[in-house]
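Structure data (compact mmCIF, C-alpha atoms) from structure33.txt:
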```
# COMPACT_ATOMS: atom_id res chain seq x y z
CA MET O 1 -65.60 87.35 44.91
CA ILE O 2 -63.60 84.12 45.24
CA LEU O 3 -65.79 82.68 48.00
CA GLU O 4 -68.75 82.69 45.61
CA SER O 5 -67.22 79.66 43.88
CA VAL O 6 -67.28 77.73 47.16
CA ASP O 7 -70.99 78.41 47.54
CA HIS O 8 -71.71 77.52 43.90
CA PRO O 9 -69.80 74.35 42.93
CA ASP O 10 -70.96 74.61 39.31
CA ARG O 11 -68.98 77.85 38.91
CA GLY O 12 -65.40 77.71 37.69
CA GLN O 13 -66.19 75.63 34.61
CA ASP O 14 -65.60 78.64 32.38
CA PRO O 15 -61.86 79.14 31.72
CA LEU O 16 -62.26 82.92 32.06
CA GLU O 17 -63.87 82.54 35.51
CA THR O 18 -61.16 80.11 36.57
CA ALA O 19 -58.46 82.46 35.28
CA HIS O 20 -59.97 85.38 37.19
CA ALA O 21 -60.28 83.38 40.42
CA LEU O 22 -56.71 82.08 40.10
CA ALA O 23 -55.32 85.57 39.46
CA GLU O 24 -57.29 87.01 42.39
CA THR O 25 -56.06 84.20 44.65
CA ALA O 26 -52.43 84.71 43.66
CA SER O 27 -52.71 88.47 44.10
CA ALA O 28 -54.34 88.17 47.53
CA VAL O 29 -51.71 85.73 48.78
CA ILE O 30 -48.84 87.86 47.46
CA ARG O 31 -50.25 91.01 49.09
CA ALA O 32 -50.75 89.21 52.38
CA VAL O 33 -47.34 87.60 52.72
CA THR O 34 -44.87 89.83 50.84
CA ASP O 35 -42.49 91.77 53.06
CA ARG O 36 -41.77 95.06 51.30
CA ARG O 37 -39.89 96.75 54.14
CA ASP O 38 -36.38 96.32 52.79
CA MET O 39 -36.97 95.51 49.13
CA SER O 40 -39.50 96.33 46.43
CA PHE O 41 -41.45 93.57 44.73
CA THR O 42 -39.55 94.14 41.45
CA THR O 43 -36.20 93.97 43.23
CA ALA O 44 -37.11 90.74 45.02
CA SER O 45 -38.54 89.30 41.80
CA THR O 46 -35.37 90.16 39.89
CA LEU O 47 -33.14 88.59 42.53
CA ALA O 48 -35.32 85.46 42.65
CA ARG O 49 -35.26 85.23 38.84
CA LEU O 50 -31.44 85.34 38.89
CA GLU O 51 -31.40 82.62 41.53
CA ARG O 52 -33.88 80.45 39.66
CA GLU O 53 -32.66 80.95 36.09
CA GLY O 54 -29.01 81.84 36.47
CA PRO O 55 -26.95 84.81 35.29
CA ALA O 56 -28.62 87.07 32.72
CA ARG O 57 -27.87 89.97 30.46
CA LEU O 58 -29.11 93.23 31.87
CA THR O 59 -31.23 93.97 28.79
CA ALA O 60 -32.89 90.55 28.89
CA LEU O 61 -33.47 90.87 32.62
CA ALA O 62 -35.15 94.25 32.13
CA ALA O 63 -37.41 92.78 29.46
CA ALA O 64 -38.28 89.75 31.58
CA GLU O 65 -39.19 91.95 34.56
CA GLY O 66 -41.08 94.44 32.41
CA VAL O 67 -39.00 97.50 33.24
CA ALA O 68 -36.93 99.91 31.15
CA GLN O 69 -33.23 99.17 30.82
CA PRO O 70 -32.17 102.33 32.76
CA SER O 71 -34.43 101.28 35.64
CA MET O 72 -32.95 97.78 35.65
CA THR O 73 -29.45 99.26 35.57
CA GLN O 74 -30.24 101.25 38.72
CA LEU O 75 -31.86 98.25 40.38
CA VAL O 76 -28.83 96.06 39.65
CA GLN O 77 -26.49 98.77 40.94
CA ARG O 78 -28.47 98.84 44.22
CA LEU O 79 -28.26 95.04 44.45
CA GLU O 80 -24.50 95.21 43.81
CA ARG O 81 -24.02 97.87 46.53
CA ARG O 82 -25.83 95.59 48.97
CA GLY O 83 -23.69 92.62 47.89
CA LEU O 84 -26.76 90.70 46.66
CA ALA O 85 -25.78 90.56 42.98
CA SER O 86 -22.61 90.89 40.95
CA ARG O 87 -21.58 91.18 37.34
CA VAL O 88 -19.81 88.21 35.81
CA ASP O 89 -18.32 87.48 32.41
CA ASP O 90 -20.40 85.39 30.05
CA PRO O 91 -18.43 82.15 29.60
CA GLY O 92 -19.77 81.84 26.04
CA ASP O 93 -18.93 85.39 24.96
CA GLY O 94 -16.15 87.32 26.67
CA ARG O 95 -17.56 90.62 25.42
CA VAL O 96 -20.79 90.15 27.40
CA THR O 97 -21.35 90.82 31.09
CA LEU O 98 -24.09 89.01 32.97
CA VAL O 99 -25.78 89.79 36.27
CA ALA O 100 -25.68 86.98 38.86
CA VAL O 101 -27.04 86.50 42.36
CA THR O 102 -24.42 86.23 45.13
CA ASP O 103 -24.41 83.89 48.11
CA ALA O 104 -25.62 86.83 50.24
CA GLY O 105 -28.49 87.29 47.78
CA ARG O 106 -29.40 83.62 48.06
CA ASP O 107 -29.29 83.84 51.85
CA LEU O 108 -31.56 86.89 51.84
CA LEU O 109 -34.05 85.18 49.54
CA ALA O 110 -34.07 82.09 51.78
CA GLU O 111 -34.77 84.27 54.83
CA ARG O 112 -37.55 86.11 53.00
CA ARG O 113 -39.10 82.76 52.06
CA ARG O 114 -38.94 81.53 55.66
CA THR O 115 -40.63 84.76 56.80
CA ARG O 116 -43.27 84.46 54.07
CA ASP O 117 -43.99 80.83 54.90
CA ALA O 118 -44.27 81.59 58.62
CA ARG O 119 -46.68 84.44 57.90
CA LEU O 120 -48.80 82.23 55.68
CA ALA O 121 -48.74 79.41 58.25
CA GLY O 122 -50.00 81.89 60.84
CA LEU O 123 -52.87 82.88 58.57
CA LEU O 124 -53.69 79.23 57.88
CA ALA O 125 -53.77 78.54 61.63
CA GLU O 126 -56.76 80.89 61.85
CA LEU O 127 -58.80 78.52 59.66
CA THR O 128 -60.72 75.54 61.00
CA ALA O 129 -59.17 72.11 60.55
CA GLU O 130 -61.76 71.36 57.86
CA GLU O 131 -60.91 74.59 56.00
CA GLN O 132 -57.19 73.86 56.25
CA GLN O 133 -57.75 70.37 54.85
CA ALA O 134 -59.88 71.70 51.97
CA LEU O 135 -57.37 74.41 51.10
CA GLY O 136 -54.47 71.96 51.31
CA ALA O 137 -56.22 69.55 48.95
CA ALA O 138 -57.03 72.37 46.54
CA VAL O 139 -53.42 73.62 46.50
CA ARG O 140 -51.99 70.13 46.06
CA THR O 141 -54.31 69.70 43.07
CA ALA O 142 -53.76 73.17 41.60
CA LEU O 143 -49.98 73.51 41.86
CA PRO O 144 -48.94 70.72 39.47
CA LEU O 145 -51.63 71.82 37.02
CA VAL O 146 -50.49 75.45 37.13
CA LEU O 147 -46.83 74.47 36.77
CA ARG O 148 -47.64 72.26 33.79
CA MET O 149 -49.77 75.00 32.27
CA LEU O 150 -46.93 77.53 32.59
CA GLU O 151 -44.09 75.14 31.71
CA GLY O 152 -43.37 76.48 28.24
CA ASP O 153 -44.38 80.04 29.04
CA ALA O 154 -41.26 81.16 30.90
CA ALA O 155 -38.29 79.40 29.36
CA PRO O 156 -35.16 80.75 31.10
CA ASP O 157 -32.96 80.71 27.99
CA HIS O 158 -34.32 84.09 26.86
CA LEU O 159 -32.46 85.76 29.72
CA SER O 160 -29.03 84.73 28.58
CA GLY O 161 -29.66 85.40 24.92
CA ARG O 162 -29.58 81.68 24.08
CA HIS O 163 -32.40 80.14 22.08
CA ASN O 164 -34.58 77.54 23.74
CA SER O 165 -34.09 74.21 22.03
CA GLY O 166 -37.58 73.16 23.07
CA SER O 167 -36.32 70.85 25.79
CA VAL O 168 -38.14 70.77 29.08
CA ARG O 169 -36.00 71.53 32.10
```
Now that the file is in, can you turn its structure into structure tokens?
Amino acid sequence: MILESVDHPDRGQDPLETAHALAETASAVIRAVTDRRDMSFTTASTLARLEREGPARLTALAAAEGVAQPSMTQLVQRLERRGLASRVDDPGDGRVTLVAVTDAGRDLLAERRRTRDARLAGLLAELTAEEQQALGAAVRTALPLVLRMLEGDAAPDHLSGRHNSGSVR
């Protein structure tokens, strides 16, 4: 249980324990604040990936999201029908079509983030001021470390078929 680490400050020194606690924390937060009423997690993740990393080949997008190409084709078709994604020509190769997020897709993602943040703020409001302060300090410490740790792990160039030159974006 995650709270065990709070009661035992010497815990968390082992990378495997820290990894487990971090994964459990991320999973718990995602479950608590994700709105799945109008969109599956994979659909929202795909749309957010397109927003974050830019247009992508369908095959690369399927691989990045861990789904089969036929499943990604269906998902993209649903996004297109809703006006949340569109297919665009690859400027570097006219034979290739990429999937891109639309302005409506960006707007929907922004609304989902506002809803998520409001839900999380409501949950935080249930904590004492001391607990809120401790959690805030922990998150402000953890986030830059996690981002640095993952920096080279998810280079966006693999989605477009380009090779990463090793530069940090």
For Val101 of chain O, list every protein, DNA or RNA residue within 7 Å, evaluated using only C-alpha atoms, and leave out those in the same chain fewer than 6 positions away; present the list as a VMD selection string. chain O and resid 47 50 to 51 84 to 86
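Note that the spacing between atom CA of Val139 of chain O and atom CA of Ala28 of chain O amounts to 14.6 Å.
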Give the padded box for segment 21-35 of chain O as JSON: axis-aligned, covering all atoms listed in the file, 4 Å on each side, centre and edge lengths in Å to one decimal.
```
{"center_x": -51.4, "center_y": 86.9, "center_z": 46.3, "size_x": 25.8, "size_y": 17.7, "size_z": 21.6}
```
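Straight-line separation from atom CA of Arg140 of chain O to atom CA of Glu111 of chain O: 23.9 Å.
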Can you tell me, as a PDB file with C-alpha atoms, in the frame of the given file, what residues are no more than 10 Å from Ala48 of chain O when counting all atoms listed in the file, ignoring any on the same chain fewer than 6 positions away?
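The new file selection_23.pdb reads:
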```pdb
ATOM      1  CA  THR O  42     -39.550  94.140  41.450  1.00  0.00           C
ATOM      2  CA  GLY O  54     -29.010  81.840  36.470  1.00  0.00           C
ATOM      3  CA  VAL O 101     -27.040  86.500  42.360  1.00  0.00           C
ATOM      4  CA  GLY O 105     -28.490  87.290  47.780  1.00  0.00           C
ATOM      5  CA  ARG O 106     -29.400  83.620  48.060  1.00  0.00           C
ATOM      6  CA  LEU O 109     -34.050  85.180  49.540  1.00  0.00           C
ATOM      7  CA  ALA O 110     -34.070  82.090  51.780  1.00  0.00           C
TER       8      ALA O 110
END
```
Grab the atom CA of Arg52 of chain O to atom CA of Ala100 of chain O distance for me, in Å with one decimal place.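 Between atom CA of Arg52 of chain O and atom CA of Ala100 of chain O the gap is 10.5 Å.
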So, counting all atoms listed in the file, which residue among O:Arg57, O:His20, O:Arg113, O:Arg148 is closest to Arg95 of chain O?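 With all atoms listed in the file as the atom set, the closest residue is O:Arg57.
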Counting all atoms listed in the file, the option among O:Thr43, O:Thr25, O:Thr34, O:Gln133 closest to Ser71 of chain O: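 So, comparing all the options, the nearest one is O:Thr43.
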For Asp89 of chain O, the closest of O:Met72, O:Ala129, O:Leu108, O:Ala56 counting all atoms listed in the file is O:Ala56
Find, counting all atoms listed in the file, the residue in O:Pro15, O:Leu123, O:Ala134, O:Pro55 that gets nearest to Leu98 of chain O.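 Going through O:Pro15, O:Leu123, O:Ala134, O:Pro55 one by one, the smallest distance to Leu98 of chain O is for O:Pro55.
Taking only C-alpha atoms into account, Thr73 of chain O lies nearest to O:Thr46 out of the set O:Ala26, O:Arg116, O:Thr46, O:Asp93.
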